[in-house]
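See below for the structure under consideration.
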Amino acid sequence: MTTTEVVLTSRASALVQRIISGVSLAGALVGMVVLAFADEPWWAVVLGELGLLVSALICVAIWSAAGSEAKDTVALRATGTVAFAEVLESTREDDGDSCSHVLKLWVPVPGDGFEVRHRCHHYSGEQQVRVLVDPATRTWGALH
């Protein structure tokens, strides 16, 4: 049976993400219209339009992901229970700008359990991580 990690997102956070991505999308679309009538070489207009198109697609993806994560969080909070997942392994990854940990966790569920991986910026060496888990669907999310 597969497991699914839910990125726990509040409705307020999803709303803020959607507002920012919506305003950015509107700005990209306005920029595309203005650039189309700019007195620039054709190749500069095409490159600018392509850049703005990529920006618009990223904004649409952020808009969609925010709503999906908030919906999944509401569903998990309705059916899930709090458990303590045991940290089996922790690997520190430092890219020079930020530090994260890849955790291998054992999530207990009644009568069984399952192993998952979680990327975390909040880990400070504890042996257990609080998780919200739905044993029926094996959907889970880290609570930090």
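By convention here, the chains of the structure tokens are called A, B, ... in the order presented, each chain's residues are numbered starting at 1, and ligands are numbered starting at 1 in the order presented.
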
Margin query: Write out as a ChimeraX atom specification the set of residues from range 20-139 of chain A that DSSP, computed on the backbone, places in strand (DSSP E or B).
Written below: /A:81-94,99-109,112-120,128-134,139

Please produce a file of the residues just selected, as a CSV table (one decimal), in the first residue's frame, where the atoms kept are N, CA and C atoms.
```csv
chain,number,residue,atom,x,y,z
A,81,THR,N,-5.0,11.0,13.2
A,81,THR,CA,-4.7,11.1,14.7
A,81,THR,C,-3.3,11.4,14.8
A,82,VAL,N,-2.9,12.0,15.9
A,82,VAL,CA,-1.5,12.4,16.2
A,82,VAL,C,-0.8,11.2,16.7
A,83,ALA,N,0.4,11.0,16.1
A,83,ALA,CA,1.3,9.9,16.5
A,83,ALA,C,2.7,10.4,16.6
A,84,PHE,N,3.6,9.6,17.2
A,84,PHE,CA,5.0,10.0,17.2
A,84,PHE,C,5.8,9.0,16.3
A,85,ALA,N,6.3,9.5,15.2
A,85,ALA,CA,7.1,8.7,14.3
A,85,ALA,C,8.6,8.6,14.8
A,86,GLU,N,9.1,7.5,14.8
A,86,GLU,CA,10.5,7.3,15.3
A,86,GLU,C,11.4,7.6,14.1
A,87,VAL,N,12.5,8.4,14.4
A,87,VAL,CA,13.5,8.8,13.5
A,87,VAL,C,14.5,7.6,13.3
A,88,LEU,N,14.5,6.9,12.2
A,88,LEU,CA,15.4,5.8,12.0
A,88,LEU,C,16.7,6.2,11.5
A,89,GLU,N,16.7,7.3,10.7
A,89,GLU,CA,17.9,7.8,10.0
A,89,GLU,C,17.8,9.3,9.7
A,90,SER,N,18.9,10.0,9.8
A,90,SER,CA,18.8,11.4,9.5
A,90,SER,C,20.1,11.7,8.6
A,91,THR,N,19.9,12.4,7.5
A,91,THR,CA,21.0,12.8,6.6
A,91,THR,C,20.9,14.3,6.5
A,92,ARG,N,22.0,14.9,6.9
A,92,ARG,CA,22.0,16.4,6.8
A,92,ARG,C,22.5,16.8,5.4
A,93,GLU,N,21.8,17.8,4.8
A,93,GLU,CA,22.2,18.3,3.4
A,93,GLU,C,22.3,19.8,3.6
A,94,ASP,N,23.6,20.3,3.3
A,94,ASP,CA,23.9,21.7,3.3
A,94,ASP,C,24.3,22.1,2.0
A,99,CYS,N,20.3,24.6,5.2
A,99,CYS,CA,20.5,23.3,5.7
A,99,CYS,C,19.2,22.6,5.9
A,100,SER,N,19.1,21.3,5.4
A,100,SER,CA,17.9,20.5,5.6
A,100,SER,C,18.3,19.1,6.0
A,101,HIS,N,17.4,18.4,6.4
A,101,HIS,CA,17.6,17.0,6.8
A,101,HIS,C,16.6,16.1,6.0
A,102,VAL,N,17.1,15.0,5.6
A,102,VAL,CA,16.3,13.9,5.0
A,102,VAL,C,16.1,12.9,6.1
A,103,LEU,N,14.9,12.7,6.6
A,103,LEU,CA,14.6,11.8,7.7
A,103,LEU,C,13.9,10.6,7.2
A,104,LYS,N,14.4,9.4,7.7
A,104,LYS,CA,13.7,8.2,7.4
A,104,LYS,C,12.9,7.9,8.7
A,105,LEU,N,11.6,7.9,8.6
A,105,LEU,CA,10.7,7.8,9.8
A,105,LEU,C,9.9,6.4,9.8
A,106,TRP,N,9.6,5.9,11.0
A,106,TRP,CA,8.7,4.8,11.1
A,106,TRP,C,7.5,5.3,11.7
A,107,VAL,N,6.4,5.3,11.0
A,107,VAL,CA,5.1,5.9,11.4
A,107,VAL,C,4.3,4.7,11.9
A,108,PRO,N,3.9,4.7,13.2
A,108,PRO,CA,3.1,3.7,13.8
A,108,PRO,C,1.7,3.9,13.5
A,109,VAL,N,1.0,2.8,13.1
A,109,VAL,CA,-0.5,2.7,13.0
A,109,VAL,C,-0.9,1.5,13.7
A,112,ASP,N,0.3,-2.2,13.0
A,112,ASP,CA,1.4,-2.2,12.0
A,112,ASP,C,2.1,-0.8,12.0
A,113,GLY,N,2.7,-0.5,10.9
A,113,GLY,CA,3.4,0.8,10.8
A,113,GLY,C,4.0,0.8,9.4
A,114,PHE,N,4.5,1.9,9.0
A,114,PHE,CA,5.2,2.1,7.7
A,114,PHE,C,6.3,3.0,7.7
A,115,GLU,N,7.2,2.9,6.8
A,115,GLU,CA,8.4,3.7,6.7
A,115,GLU,C,8.2,4.7,5.6
A,116,VAL,N,8.6,6.0,5.9
A,116,VAL,CA,8.5,7.1,5.0
A,116,VAL,C,9.8,7.9,5.0
A,117,ARG,N,9.9,8.8,4.1
A,117,ARG,CA,11.0,9.8,4.0
A,117,ARG,C,10.4,11.2,4.1
A,118,HIS,N,11.1,12.0,4.8
A,118,HIS,CA,10.6,13.4,5.0
A,118,HIS,C,11.7,14.4,4.9
A,119,ARG,N,11.6,15.4,4.1
A,119,ARG,CA,12.7,16.5,4.0
A,119,ARG,C,12.2,17.6,5.0
A,120,CYS,N,13.1,18.0,5.8
A,120,CYS,CA,12.8,18.9,6.9
A,120,CYS,C,13.8,20.0,7.1
A,128,GLN,N,12.1,11.5,17.9
A,128,GLN,CA,10.7,11.3,17.5
A,128,GLN,C,10.2,12.6,16.8
A,129,VAL,N,9.3,12.4,15.8
A,129,VAL,CA,8.7,13.6,15.2
A,129,VAL,C,7.2,13.4,15.3
A,130,ARG,N,6.5,14.4,15.7
A,130,ARG,CA,5.0,14.3,15.8
A,130,ARG,C,4.4,14.4,14.4
A,131,VAL,N,3.6,13.4,14.1
A,131,VAL,CA,2.9,13.4,12.8
A,131,VAL,C,1.4,13.2,13.0
A,132,LEU,N,0.7,13.7,12.0
A,132,LEU,CA,-0.7,13.5,11.9
A,132,LEU,C,-0.9,12.4,10.8
A,133,VAL,N,-1.6,11.3,11.2
A,133,VAL,CA,-1.6,10.1,10.3
A,133,VAL,C,-3.1,9.6,10.2
A,134,ASP,N,-3.5,9.2,9.0
A,134,ASP,CA,-4.7,8.5,8.8
A,134,ASP,C,-4.4,7.0,8.5
A,139,THR,N,-2.1,8.2,4.8
A,139,THR,CA,-1.8,9.6,4.5
A,139,THR,C,-1.3,10.2,5.8
```

Next item on the list: Find the residues near Ser13 in chain A: any atom within 12 Å, counting only C-alpha atoms, skip ones fewer than 3 places away on the same chain, and give them as JSON, numbers by chain.
Entry: {"A": [7, 8, 9, 10, 16, 17, 18, 19, 20, 63, 65, 66, 67, 69, 70, 73]}

Now that the selection is made, can you save its residues with all heavy atoms as a tab-separated table (two decimals), in the first residue's frame?
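Once written, out38.tsv looks like this:
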```tsv
chain	number	residue	atom	x	y	z
A	7	VAL	N	1.56	18.09	2.76
A	7	VAL	CA	2.21	19.30	3.27
A	7	VAL	C	1.11	20.09	3.98
A	7	VAL	O	0.20	20.63	3.34
A	7	VAL	CB	2.83	20.14	2.12
A	7	VAL	CG1	3.42	21.41	2.66
A	7	VAL	CG2	3.85	19.32	1.36
A	8	LEU	N	1.18	20.09	5.30
A	8	LEU	CA	0.11	20.72	6.08
A	8	LEU	C	0.10	22.22	5.85
A	8	LEU	O	1.06	22.93	6.13
A	8	LEU	CB	0.29	20.39	7.57
A	8	LEU	CG	0.24	18.90	7.90
A	8	LEU	CD1	0.48	18.68	9.38
A	8	LEU	CD2	-1.07	18.28	7.48
A	9	THR	N	-1.01	22.70	5.30
A	9	THR	CA	-1.17	24.10	4.92
A	9	THR	C	-2.49	24.61	5.46
A	9	THR	O	-3.53	24.01	5.21
A	9	THR	CB	-1.17	24.24	3.38
A	9	THR	OG1	0.01	23.65	2.86
A	9	THR	CG2	-1.24	25.68	2.96
A	10	SER	N	-2.45	25.70	6.18
A	10	SER	CA	-3.69	26.28	6.70
A	10	SER	C	-4.44	26.98	5.56
A	10	SER	O	-3.86	27.33	4.53
A	10	SER	CB	-3.39	27.27	7.82
A	10	SER	OG	-2.75	28.41	7.29
A	16	VAL	N	-3.18	33.32	1.18
A	16	VAL	CA	-2.09	34.27	0.92
A	16	VAL	C	-1.31	33.84	-0.33
A	16	VAL	O	-0.99	34.66	-1.19
A	16	VAL	CB	-1.16	34.39	2.14
A	16	VAL	CG1	0.11	35.14	1.80
A	16	VAL	CG2	-1.90	35.08	3.28
A	17	GLN	N	-1.02	32.54	-0.44
A	17	GLN	CA	-0.30	32.05	-1.62
A	17	GLN	C	-1.10	32.31	-2.89
A	17	GLN	O	-0.55	32.70	-3.92
A	17	GLN	CB	-0.04	30.55	-1.49
A	17	GLN	CG	0.99	30.20	-0.44
A	17	GLN	CD	1.14	28.70	-0.28
A	17	GLN	OE1	1.16	27.96	-1.26
A	17	GLN	NE2	1.24	28.25	0.96
A	18	ARG	N	-2.40	32.10	-2.82
A	18	ARG	CA	-3.25	32.33	-3.99
A	18	ARG	C	-3.33	33.81	-4.35
A	18	ARG	O	-3.34	34.17	-5.52
A	18	ARG	CB	-4.63	31.75	-3.77
A	18	ARG	CG	-4.64	30.25	-3.94
A	18	ARG	CD	-6.02	29.70	-3.93
A	18	ARG	NE	-6.03	28.44	-4.67
A	18	ARG	CZ	-7.11	27.80	-5.00
A	18	ARG	NH1	-8.28	28.27	-4.67
A	18	ARG	NH2	-7.02	26.68	-5.69
A	19	ILE	N	-3.39	34.68	-3.35
A	19	ILE	CA	-3.45	36.12	-3.63
A	19	ILE	C	-2.15	36.57	-4.30
A	19	ILE	O	-2.17	37.27	-5.32
A	19	ILE	CB	-3.71	36.92	-2.33
A	19	ILE	CG1	-5.15	36.71	-1.87
A	19	ILE	CG2	-3.41	38.40	-2.53
A	19	ILE	CD1	-5.46	37.27	-0.50
A	20	ILE	N	-1.01	36.15	-3.74
A	20	ILE	CA	0.27	36.55	-4.31
A	20	ILE	C	0.44	36.00	-5.73
A	20	ILE	O	0.86	36.73	-6.63
A	20	ILE	CB	1.44	36.11	-3.40
A	20	ILE	CG1	1.41	36.93	-2.11
A	20	ILE	CG2	2.78	36.26	-4.10
A	20	ILE	CD1	2.38	36.46	-1.05
A	63	TRP	N	-0.79	28.58	-7.61
A	63	TRP	CA	-2.22	28.73	-7.31
A	63	TRP	C	-2.86	27.36	-7.11
A	63	TRP	O	-3.57	27.12	-6.13
A	63	TRP	CB	-2.91	29.46	-8.47
A	63	TRP	CG	-4.39	29.56	-8.33
A	63	TRP	CD1	-5.31	28.61	-8.65
A	63	TRP	CD2	-5.14	30.67	-7.84
A	63	TRP	NE1	-6.58	29.05	-8.39
A	63	TRP	CE2	-6.51	30.31	-7.89
A	63	TRP	CE3	-4.78	31.91	-7.37
A	63	TRP	CZ2	-7.51	31.16	-7.48
A	63	TRP	CZ3	-5.80	32.78	-6.96
A	63	TRP	CH2	-7.14	32.40	-7.02
A	65	ALA	N	-1.39	24.36	-6.51
A	65	ALA	CA	-0.81	23.59	-5.41
A	65	ALA	C	-1.32	24.08	-4.06
A	65	ALA	O	-1.57	23.26	-3.17
A	65	ALA	CB	0.72	23.66	-5.46
A	66	ALA	N	-1.47	25.37	-3.91
A	66	ALA	CA	-1.94	25.92	-2.62
A	66	ALA	C	-3.34	25.41	-2.30
A	66	ALA	O	-3.60	24.98	-1.17
A	66	ALA	CB	-1.93	27.45	-2.65
A	67	GLY	N	-4.20	25.40	-3.25
A	67	GLY	CA	-5.56	24.91	-3.03
A	67	GLY	C	-5.60	23.42	-2.75
A	67	GLY	O	-6.31	22.95	-1.86
A	69	GLU	N	-3.12	21.53	-1.49
A	69	GLU	CA	-2.52	21.24	-0.18
A	69	GLU	C	-3.48	21.59	0.94
A	69	GLU	O	-3.58	20.85	1.93
A	69	GLU	CB	-1.20	22.00	-0.03
A	69	GLU	CG	-0.10	21.46	-0.90
A	69	GLU	CD	1.14	22.35	-0.94
A	69	GLU	OE1	1.11	23.44	-0.34
A	69	GLU	OE2	2.11	21.94	-1.57
A	70	ALA	N	-4.20	22.69	0.82
A	70	ALA	CA	-5.16	23.08	1.86
A	70	ALA	C	-6.31	22.06	1.92
A	70	ALA	O	-6.74	21.68	3.02
A	70	ALA	CB	-5.71	24.48	1.60
A	73	THR	N	-5.03	18.92	3.58
A	73	THR	CA	-4.84	19.15	5.01
A	73	THR	C	-6.16	19.06	5.76
A	73	THR	O	-6.24	18.45	6.82
A	73	THR	CB	-4.18	20.53	5.25
A	73	THR	OG1	-2.90	20.54	4.62
A	73	THR	CG2	-4.01	20.82	6.73
```

Checklist line | Those of chain A in DSSP alpha helix (DSSP H), formatted as a ChimeraX atom specification | finding: /A:11-36,42-79

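One finds CA of His144 in chain A at 19.4 Å from CA of Thr3 in chain A.
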
Notebook entry, point to check: With distances taken over only C-alpha atoms, which of A:Ser24, A:Thr4, A:Ser124, A:Thr137 is nearest to Val54 in chain A?
Noted result: A:Ser24

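CA of Ala142 in chain A is positioned 17.0 Å from CA of Ser68 in chain A.
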
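Within the 10 Å cut-off around Ala136 in chain A, using only C-alpha atoms and omitting residues fewer than 4 positions from it on the same chain, the listed residues are Thr79, Gly80, Val109 and Pro110 of chain A.
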
May I have the residues from that selection written out with N, CA, C and O atoms, as a PDB file, in the first residue's frame?
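Heads up, here's the output in again.pdb:
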```
ATOM      1  N   THR A  79      -9.739  13.137   9.594  1.00  0.00           N
ATOM      2  CA  THR A  79      -9.677  11.689   9.809  1.00  0.00           C
ATOM      3  C   THR A  79      -8.421  11.222  10.533  1.00  0.00           C
ATOM      4  O   THR A  79      -8.359  10.076  10.963  1.00  0.00           O
ATOM      5  N   GLY A  80      -7.429  12.084  10.650  1.00  0.00           N
ATOM      6  CA  GLY A  80      -6.142  11.666  11.196  1.00  0.00           C
ATOM      7  C   GLY A  80      -6.052  11.739  12.704  1.00  0.00           C
ATOM      8  O   GLY A  80      -6.870  12.375  13.372  1.00  0.00           O
ATOM      9  N   VAL A 109       0.999   2.765  13.127  1.00  0.00           N
ATOM     10  CA  VAL A 109      -0.455   2.745  12.991  1.00  0.00           C
ATOM     11  C   VAL A 109      -0.940   1.502  13.729  1.00  0.00           C
ATOM     12  O   VAL A 109      -0.163   0.565  13.937  1.00  0.00           O
ATOM     13  N   PRO A 110      -2.182   1.467  14.152  1.00  0.00           N
ATOM     14  CA  PRO A 110      -2.667   0.310  14.913  1.00  0.00           C
ATOM     15  C   PRO A 110      -2.411  -1.013  14.186  1.00  0.00           C
ATOM     16  O   PRO A 110      -2.802  -1.189  13.033  1.00  0.00           O
TER      17      PRO A 110
END
```

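When CA of Gly51 in chain A is paired with CA of Asp95 in chain A, their separation reads 26.8 Å.
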
Margin query: Could you list, as a list in words, every residue within 10 Å of Leu53 in chain A, counting only C-alpha atoms and ignoring same-chain residues fewer than 6 positions away?
Written below: Leu25, Ala28, Leu29, Gly31, Met32, Leu47 and Cys59 of chain A

Writer output for current selection, C-alpha atoms, as a short mmCIF file (atom, residue, chain, number, x, y, z; two decimals), in the first residue's frame:
```
data_model
loop_
_atom_site.label_atom_id
_atom_site.label_comp_id
_atom_site.auth_asym_id
_atom_site.auth_seq_id
_atom_site.Cartn_x
_atom_site.Cartn_y
_atom_site.Cartn_z
CA LEU A 25 -0.15 36.28 -12.79
CA ALA A 28 2.73 38.87 -16.03
CA LEU A 29 -0.30 39.05 -18.33
CA GLY A 31 3.49 42.74 -19.04
CA MET A 32 2.89 40.42 -21.99
CA LEU A 47 12.31 36.42 -25.55
CA CYS A 59 1.99 31.37 -10.93
#
```
